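Read the structure below first, then the notes.
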Protein chains: 2
Amino acid sequence: MNSVVIVAAGKGTRFGPDRDKLFIEVLGLPVVAHTWRRFDAHPEVDETILVIRPELRDAFEEIATQLAVRKPYRFAAGGAERQDSVWNGLEKVSPSAALVAIHDAARPCVTPQVIADCFAAARSSGAAVAAQPVTDTIKESHDGATVAKHLDRSRLWAVQTPQTFQVAVIRRALSAVRQRGIPVTDDTAACELIGQAVRLVPSLAPNPKVTVPADVPYIELLLAAHAVAHPVR
Amino acid sequence: MNSVVIVAAGKGTRFGPDRDKLFIEVLGLPVVAHTWRRFDAHPEVDETILVIRPELRDAFEEIATQLAVRKPYRFAAGGAERQDSVWNGLEKVSPSAALVAIHDAARPCVTPQVIADCFAAARSSGAAVAAQPVTDTIKESHDGATVAKHLDRSRLWAVQTPQTFQVAVIRRALSAVRQRGIPVTDDTAACELIGQAVRLVPSLAPNPKVTVPADVPYIELLLAAHAVAHPVR
């Protein structure tokens with residue numbers, strides 16, 4: 001069986017102190033509900049672990065009712081850093097799970113295809129991440145004000161989520177990170193630490209993250225197009 | 001006075017062999033017409049140089065009529081590579097121009113603010129480019145299939161256009177590139193070659209490039225929002 005850990009414990013301060021970006025309503029549902037539904041409806045997903053701030057548990061239970069979710073779900077508490085949240089989520093994954101997808105709650109447009117492709121790549125190679133070739137020209141700056149160095153774009157990939165793993169692999173990787181007290185910003189970086197190769201899974205459809213209010217209209221556009229193509233049962 | 005060179009000679013093969021992405025209609029106008037209008041309407045722009053494929057000259061004249069453009073414009077012929085096209089465009093810039101903005105025709109959503117900010121930065125420092133801090137996690141891959149290296153995102157900027165210069169500076173930079181026969185993918189890279197510092201100008205509003213058909217709905221959304229905020233005279 002396969003699990004998904006949806007990381008929904010972030011604060012997202014760029015929406016202002018009193019607004020949680022995951023609860024912005026888009027097409028009548030909070031952003032995080034759209035994300036949850038994508039995985040709940042996916043034929044290869046058997047259970048959902050939601051990593052949340054505990055005080056929001058009732059709000060998430062309400063979403064479960066609203067969505068009439070089909071698959072079992074459990075909650076885990078968010079930690080101090082993202083890697084702590086993921087760790088807490090992994091502890092709630094069923095012992096019989098072979099693969100786990102770790103996904104940002106703020107990426108509601110993830111497609112069924114990229115979820116399936118990530119599971120397939122993780123099954124065969126241990127670790128995989130949805131990624132897009134970088135299309136922008138990228139420069140390095142040391143001071144944030146002037147260009148220091150031009151980077152070769154043809155070698156650069158923007159990685160997103162899902163980041164998908166054999167459960168044993170990500171447990172080993174995050175455990176190594178925790179033992180050495182190294183902060184990592186994404187879960188595949190933990191794999192690099194234990195010498196686990198990470199496959200890049202081309203993510204062809206847009207899979208943006210809600211980060212600032214200006215992102216919302218684009219997310220809405222993508223969700224509306226998906227809703228037309230895949231009407232909810 | 002200030003000039004803009006709009007680079008509109010690319011083939012954009014990702015839209016298919018028979019479709020020119022610059023002529024995709026959005027809100028009743030070709031993409032390149034939206035781009036042209038943004039600069040033509042800008043108080044700091046005095047003339048427009050359009051670098052085009054010569055066989056499309058009539059189509060561009062038709063756009064000029066449709067837009068009722070206010071500022072003088074001239075055409076230059078596209079070259080083999082982007083840097084050749086820019087060079088040809090610079091040759092048509094008025095001798096009295098102090099600053100020149102070089103802009104991708106496929107970025108129609110460029111805002112008046114970022115155009116003004118780029119001119120201001122180029123005036124004081126010689127060279128400046130619209131840029132956004134990278135928000136994605138970026139990995140380097142040598143084989144395009146697995147992750148080789150994690151990059152420190154906090155130092156990375158995605159650069160766009162306009163790329164704006166004192167005219168003498170960009171002429172000297174591109175001339176050095178041509179003498180040494182080095183290919184450069186953007187005009188600020190040419191500045192690095194002659195030791196000219198390039199200022200990063202934070203581009204706060206989305207400024208996407210039409211690259212694939214899937215980009216069009218987002219571009220349309222942004223153009224429609226701008227049209228509401230800034231009705232055409």
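All residue names refer to the structure tokens as shown: chains lettered A, B, ... in order, residues numbered from 1 in each chain, ligands numbered from 1 in order.
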Give me, as a PyMOL selection string, the contact residues of chain B against chain A at a cut-off of 7 Å, counting only C-alpha atoms.
chain B and resi 136-142+145-147+150+155-159+189+197-200+218
So that I can see what lies close to A:Leu27, please list as a VMD selection string the residues with an atom at most 10 Å from it, counting only C-alpha atoms and leaving out residues fewer than 3 positions away in the same chain.
chain A and resid 24 30 to 31 34 220 to 221 223 to 224 227
Could you state the separation of atom CA of A:Asp117 and atom CA of A:Gly78 in Å, given to one decimal place?
27.5 Å
Among stretch 19-229 of chain B, which residues does DSSP mark as strand (DSSP E or B) when it is run on the backbone? Keep the chain and numbering as in the structure and answer as an MDAnalysis selection string.
chainID B and resid 25:26 29:30 47:52 73:77 99:104 127:133 137:140 146 149:150 156:166 199:202
Tell me which protein, DNA and RNA residues are within 12 Å of B:Leu67, counting only C-alpha atoms, leaving out same-chain ones fewer than 4 positions away, and put them as a PDB file with N, CA and C atoms, in the first residue's frame.
```
ATOM      1  N   GLY B  28      -8.025  39.698 -28.012  1.00  0.00           N
ATOM      2  CA  GLY B  28      -8.225  40.385 -29.282  1.00  0.00           C
ATOM      3  C   GLY B  28      -6.989  40.993 -29.931  1.00  0.00           C
ATOM      4  N   LEU B  29      -5.825  40.776 -29.325  1.00  0.00           N
ATOM      5  CA  LEU B  29      -4.581  41.313 -29.905  1.00  0.00           C
ATOM      6  C   LEU B  29      -3.495  40.242 -29.872  1.00  0.00           C
ATOM      7  N   PRO B  30      -2.602  40.238 -30.864  1.00  0.00           N
ATOM      8  CA  PRO B  30      -1.465  39.314 -30.786  1.00  0.00           C
ATOM      9  C   PRO B  30      -0.620  39.600 -29.543  1.00  0.00           C
ATOM     10  N   VAL B  32       2.503  39.952 -29.184  1.00  0.00           N
ATOM     11  CA  VAL B  32       3.523  40.979 -29.381  1.00  0.00           C
ATOM     12  C   VAL B  32       2.931  42.395 -29.394  1.00  0.00           C
ATOM     13  N   ALA B  33       1.672  42.517 -29.741  1.00  0.00           N
ATOM     14  CA  ALA B  33       1.028  43.834 -29.711  1.00  0.00           C
ATOM     15  C   ALA B  33       0.868  44.317 -28.266  1.00  0.00           C
ATOM     16  N   HIS B  34       0.513  43.383 -27.378  1.00  0.00           N
ATOM     17  CA  HIS B  34       0.426  43.764 -25.959  1.00  0.00           C
ATOM     18  C   HIS B  34       1.785  44.267 -25.471  1.00  0.00           C
ATOM     19  N   THR B  35       2.832  43.548 -25.850  1.00  0.00           N
ATOM     20  CA  THR B  35       4.182  43.936 -25.419  1.00  0.00           C
ATOM     21  C   THR B  35       4.529  45.332 -25.942  1.00  0.00           C
ATOM     22  N   TRP B  36       4.323  45.513 -27.211  1.00  0.00           N
ATOM     23  CA  TRP B  36       4.632  46.807 -27.850  1.00  0.00           C
ATOM     24  C   TRP B  36       3.868  47.930 -27.164  1.00  0.00           C
ATOM     25  N   ARG B  37       2.586  47.701 -26.899  1.00  0.00           N
ATOM     26  CA  ARG B  37       1.760  48.736 -26.282  1.00  0.00           C
ATOM     27  C   ARG B  37       2.275  49.146 -24.905  1.00  0.00           C
ATOM     28  N   ARG B  38       2.771  48.151 -24.123  1.00  0.00           N
ATOM     29  CA  ARG B  38       3.279  48.491 -22.793  1.00  0.00           C
ATOM     30  C   ARG B  38       4.405  49.517 -22.865  1.00  0.00           C
ATOM     31  N   PHE B  39       5.294  49.346 -23.851  1.00  0.00           N
ATOM     32  CA  PHE B  39       6.415  50.282 -23.976  1.00  0.00           C
ATOM     33  C   PHE B  39       5.985  51.576 -24.651  1.00  0.00           C
ATOM     34  N   ASP B  40       5.143  51.447 -25.673  1.00  0.00           N
ATOM     35  CA  ASP B  40       4.690  52.651 -26.387  1.00  0.00           C
ATOM     36  C   ASP B  40       3.975  53.608 -25.437  1.00  0.00           C
ATOM     37  N   ALA B  41       3.265  53.049 -24.455  1.00  0.00           N
ATOM     38  CA  ALA B  41       2.497  53.879 -23.524  1.00  0.00           C
ATOM     39  C   ALA B  41       3.341  54.395 -22.364  1.00  0.00           C
ATOM     40  N   PHE B  60       3.553  43.466 -38.708  1.00  0.00           N
ATOM     41  CA  PHE B  60       3.880  44.421 -37.650  1.00  0.00           C
ATOM     42  C   PHE B  60       3.342  45.817 -37.977  1.00  0.00           C
ATOM     43  N   GLU B  61       3.371  46.191 -39.252  1.00  0.00           N
ATOM     44  CA  GLU B  61       2.799  47.490 -39.637  1.00  0.00           C
ATOM     45  C   GLU B  61       1.301  47.514 -39.319  1.00  0.00           C
ATOM     46  N   GLU B  62       0.671  46.359 -39.530  1.00  0.00           N
ATOM     47  CA  GLU B  62      -0.756  46.266 -39.237  1.00  0.00           C
ATOM     48  C   GLU B  62      -1.024  46.454 -37.730  1.00  0.00           C
ATOM     49  N   ILE B  63      -0.148  45.875 -36.924  1.00  0.00           N
ATOM     50  CA  ILE B  63      -0.279  46.049 -35.471  1.00  0.00           C
ATOM     51  C   ILE B  63      -0.105  47.518 -35.099  1.00  0.00           C
ATOM     52  N   LYS B  71       4.695  56.519 -30.393  1.00  0.00           N
ATOM     53  CA  LYS B  71       6.124  56.821 -30.456  1.00  0.00           C
ATOM     54  C   LYS B  71       6.698  56.325 -31.785  1.00  0.00           C
ATOM     55  N   VAL B 232      -7.175  51.395 -21.576  1.00  0.00           N
ATOM     56  CA  VAL B 232      -6.467  52.021 -22.693  1.00  0.00           C
ATOM     57  C   VAL B 232      -7.150  53.339 -23.026  1.00  0.00           C
ATOM     58  N   ARG B 233      -6.309  54.354 -23.279  1.00  0.00           N
ATOM     59  CA  ARG B 233      -6.844  55.683 -23.637  1.00  0.00           C
ATOM     60  C   ARG B 233      -7.838  55.555 -24.772  1.00  0.00           C
TER      61      ARG B 233
END
```
Among listed residues A:Val4, A:Ala173, A:Ala98, A:Ile182, nearest A:Ser124 (using only C-alpha atoms):
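Going through A:Val4, A:Ala173, A:Ala98, A:Ile182 one by one, the smallest distance to A:Ser124 is for A:Ala98.
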Residue list (alpha helix (DSSP H), DSSP) for stretch 118-212 of chain B, as a PDB file with N, CA, C and O atoms, in the first residue's frame:
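Saved as result37.pdb:
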```pdb
ATOM      1  N   CYS B 118      13.949  49.657 -13.942  1.00  0.00           N
ATOM      2  CA  CYS B 118      15.117  49.207 -14.710  1.00  0.00           C
ATOM      3  C   CYS B 118      15.853  50.398 -15.336  1.00  0.00           C
ATOM      4  O   CYS B 118      17.079  50.448 -15.322  1.00  0.00           O
ATOM      5  N   PHE B 119      15.101  51.344 -15.875  1.00  0.00           N
ATOM      6  CA  PHE B 119      15.756  52.539 -16.432  1.00  0.00           C
ATOM      7  C   PHE B 119      16.531  53.272 -15.324  1.00  0.00           C
ATOM      8  O   PHE B 119      17.683  53.674 -15.524  1.00  0.00           O
ATOM      9  N   ALA B 120      15.914  53.425 -14.171  1.00  0.00           N
ATOM     10  CA  ALA B 120      16.578  54.157 -13.082  1.00  0.00           C
ATOM     11  C   ALA B 120      17.873  53.464 -12.660  1.00  0.00           C
ATOM     12  O   ALA B 120      18.912  54.112 -12.469  1.00  0.00           O
ATOM     13  N   ALA B 121      17.826  52.142 -12.552  1.00  0.00           N
ATOM     14  CA  ALA B 121      19.027  51.411 -12.118  1.00  0.00           C
ATOM     15  C   ALA B 121      20.114  51.458 -13.181  1.00  0.00           C
ATOM     16  O   ALA B 121      21.301  51.576 -12.872  1.00  0.00           O
ATOM     17  N   ALA B 122      19.733  51.377 -14.451  1.00  0.00           N
ATOM     18  CA  ALA B 122      20.732  51.433 -15.526  1.00  0.00           C
ATOM     19  C   ALA B 122      21.346  52.826 -15.610  1.00  0.00           C
ATOM     20  O   ALA B 122      22.543  52.975 -15.868  1.00  0.00           O
ATOM     21  N   ARG B 123      20.543  53.846 -15.360  1.00  0.00           N
ATOM     22  CA  ARG B 123      21.047  55.226 -15.405  1.00  0.00           C
ATOM     23  C   ARG B 123      22.158  55.396 -14.382  1.00  0.00           C
ATOM     24  O   ARG B 123      23.206  55.954 -14.666  1.00  0.00           O
ATOM     25  N   SER B 124      21.942  54.836 -13.170  1.00  0.00           N
ATOM     26  CA  SER B 124      22.941  55.051 -12.115  1.00  0.00           C
ATOM     27  C   SER B 124      24.092  54.049 -12.163  1.00  0.00           C
ATOM     28  O   SER B 124      25.190  54.362 -11.742  1.00  0.00           O
ATOM     29  N   SER B 125      23.841  52.851 -12.700  1.00  0.00           N
ATOM     30  CA  SER B 125      24.919  51.851 -12.568  1.00  0.00           C
ATOM     31  C   SER B 125      25.389  51.257 -13.891  1.00  0.00           C
ATOM     32  O   SER B 125      26.312  50.444 -13.895  1.00  0.00           O
ATOM     33  N   VAL B 167      23.525  52.921 -23.307  1.00  0.00           N
ATOM     34  CA  VAL B 167      23.737  52.426 -24.668  1.00  0.00           C
ATOM     35  C   VAL B 167      25.207  52.094 -24.916  1.00  0.00           C
ATOM     36  O   VAL B 167      25.544  51.039 -25.478  1.00  0.00           O
ATOM     37  N   ALA B 168      26.105  52.949 -24.438  1.00  0.00           N
ATOM     38  CA  ALA B 168      27.535  52.713 -24.667  1.00  0.00           C
ATOM     39  C   ALA B 168      27.997  51.412 -24.008  1.00  0.00           C
ATOM     40  O   ALA B 168      28.843  50.693 -24.545  1.00  0.00           O
ATOM     41  N   VAL B 169      27.426  51.115 -22.847  1.00  0.00           N
ATOM     42  CA  VAL B 169      27.822  49.908 -22.103  1.00  0.00           C
ATOM     43  C   VAL B 169      27.440  48.643 -22.865  1.00  0.00           C
ATOM     44  O   VAL B 169      28.269  47.742 -23.067  1.00  0.00           O
ATOM     45  N   ILE B 170      26.210  48.550 -23.321  1.00  0.00           N
ATOM     46  CA  ILE B 170      25.790  47.309 -23.986  1.00  0.00           C
ATOM     47  C   ILE B 170      26.476  47.167 -25.349  1.00  0.00           C
ATOM     48  O   ILE B 170      26.820  46.057 -25.765  1.00  0.00           O
ATOM     49  N   ARG B 171      26.744  48.294 -26.012  1.00  0.00           N
ATOM     50  CA  ARG B 171      27.472  48.208 -27.291  1.00  0.00           C
ATOM     51  C   ARG B 171      28.866  47.632 -27.058  1.00  0.00           C
ATOM     52  O   ARG B 171      29.318  46.757 -27.782  1.00  0.00           O
ATOM     53  N   ARG B 172      29.525  48.113 -26.007  1.00  0.00           N
ATOM     54  CA  ARG B 172      30.882  47.643 -25.703  1.00  0.00           C
ATOM     55  C   ARG B 172      30.852  46.159 -25.305  1.00  0.00           C
ATOM     56  O   ARG B 172      31.683  45.361 -25.757  1.00  0.00           O
ATOM     57  N   ALA B 173      29.852  45.786 -24.504  1.00  0.00           N
ATOM     58  CA  ALA B 173      29.770  44.397 -24.032  1.00  0.00           C
ATOM     59  C   ALA B 173      29.506  43.438 -25.194  1.00  0.00           C
ATOM     60  O   ALA B 173      30.176  42.409 -25.333  1.00  0.00           O
ATOM     61  N   LEU B 174      28.544  43.773 -26.040  1.00  0.00           N
ATOM     62  CA  LEU B 174      28.215  42.855 -27.147  1.00  0.00           C
ATOM     63  C   LEU B 174      29.317  42.830 -28.195  1.00  0.00           C
ATOM     64  O   LEU B 174      29.557  41.802 -28.834  1.00  0.00           O
ATOM     65  N   SER B 175      30.008  43.943 -28.325  1.00  0.00           N
ATOM     66  CA  SER B 175      31.109  43.990 -29.258  1.00  0.00           C
ATOM     67  C   SER B 175      32.238  43.060 -28.781  1.00  0.00           C
ATOM     68  O   SER B 175      32.827  42.314 -29.575  1.00  0.00           O
ATOM     69  N   ALA B 176      32.486  43.034 -27.473  1.00  0.00           N
ATOM     70  CA  ALA B 176      33.497  42.113 -26.920  1.00  0.00           C
ATOM     71  C   ALA B 176      33.085  40.664 -27.159  1.00  0.00           C
ATOM     72  O   ALA B 176      33.899  39.810 -27.532  1.00  0.00           O
ATOM     73  N   VAL B 177      31.805  40.377 -26.975  1.00  0.00           N
ATOM     74  CA  VAL B 177      31.286  39.022 -27.200  1.00  0.00           C
ATOM     75  C   VAL B 177      31.487  38.613 -28.655  1.00  0.00           C
ATOM     76  O   VAL B 177      31.921  37.498 -28.948  1.00  0.00           O
ATOM     77  N   ARG B 178      31.189  39.543 -29.564  1.00  0.00           N
ATOM     78  CA  ARG B 178      31.293  39.213 -30.989  1.00  0.00           C
ATOM     79  C   ARG B 178      32.749  39.013 -31.404  1.00  0.00           C
ATOM     80  O   ARG B 178      33.064  38.105 -32.170  1.00  0.00           O
ATOM     81  N   GLN B 179      33.632  39.860 -30.870  1.00  0.00           N
ATOM     82  CA  GLN B 179      35.050  39.712 -31.228  1.00  0.00           C
ATOM     83  C   GLN B 179      35.594  38.368 -30.779  1.00  0.00           C
ATOM     84  O   GLN B 179      36.373  37.738 -31.479  1.00  0.00           O
ATOM     85  N   ARG B 180      35.156  37.937 -29.594  1.00  0.00           N
ATOM     86  CA  ARG B 180      35.701  36.674 -29.085  1.00  0.00           C
ATOM     87  C   ARG B 180      34.896  35.453 -29.536  1.00  0.00           C
ATOM     88  O   ARG B 180      35.232  34.328 -29.212  1.00  0.00           O
ATOM     89  N   ASP B 187      21.807  39.296 -22.314  1.00  0.00           N
ATOM     90  CA  ASP B 187      22.667  40.449 -22.542  1.00  0.00           C
ATOM     91  C   ASP B 187      23.478  40.833 -21.319  1.00  0.00           C
ATOM     92  O   ASP B 187      24.550  41.406 -21.435  1.00  0.00           O
ATOM     93  N   THR B 188      22.982  40.464 -20.131  1.00  0.00           N
ATOM     94  CA  THR B 188      23.784  40.790 -18.951  1.00  0.00           C
ATOM     95  C   THR B 188      25.020  39.891 -18.888  1.00  0.00           C
ATOM     96  O   THR B 188      26.041  40.291 -18.328  1.00  0.00           O
ATOM     97  N   ALA B 189      24.930  38.683 -19.457  1.00  0.00           N
ATOM     98  CA  ALA B 189      26.107  37.802 -19.477  1.00  0.00           C
ATOM     99  C   ALA B 189      27.238  38.465 -20.264  1.00  0.00           C
ATOM    100  O   ALA B 189      28.415  38.302 -19.931  1.00  0.00           O
ATOM    101  N   ALA B 190      26.880  39.231 -21.281  1.00  0.00           N
ATOM    102  CA  ALA B 190      27.888  39.956 -22.050  1.00  0.00           C
ATOM    103  C   ALA B 190      28.574  41.000 -21.164  1.00  0.00           C
ATOM    104  O   ALA B 190      29.783  41.223 -21.267  1.00  0.00           O
ATOM    105  N   CYS B 191      27.814  41.610 -20.261  1.00  0.00           N
ATOM    106  CA  CYS B 191      28.391  42.599 -19.339  1.00  0.00           C
ATOM    107  C   CYS B 191      29.419  41.966 -18.408  1.00  0.00           C
ATOM    108  O   CYS B 191      30.450  42.571 -18.100  1.00  0.00           O
ATOM    109  N   GLU B 192      29.117  40.758 -17.950  1.00  0.00           N
ATOM    110  CA  GLU B 192      30.065  40.073 -17.065  1.00  0.00           C
ATOM    111  C   GLU B 192      31.430  39.982 -17.740  1.00  0.00           C
ATOM    112  O   GLU B 192      32.473  40.126 -17.110  1.00  0.00           O
ATOM    113  N   LEU B 193      31.408  39.762 -19.049  1.00  0.00           N
ATOM    114  CA  LEU B 193      32.640  39.584 -19.823  1.00  0.00           C
ATOM    115  C   LEU B 193      33.534  40.829 -19.803  1.00  0.00           C
ATOM    116  O   LEU B 193      34.764  40.726 -19.847  1.00  0.00           O
TER     117      LEU B 193
END
```
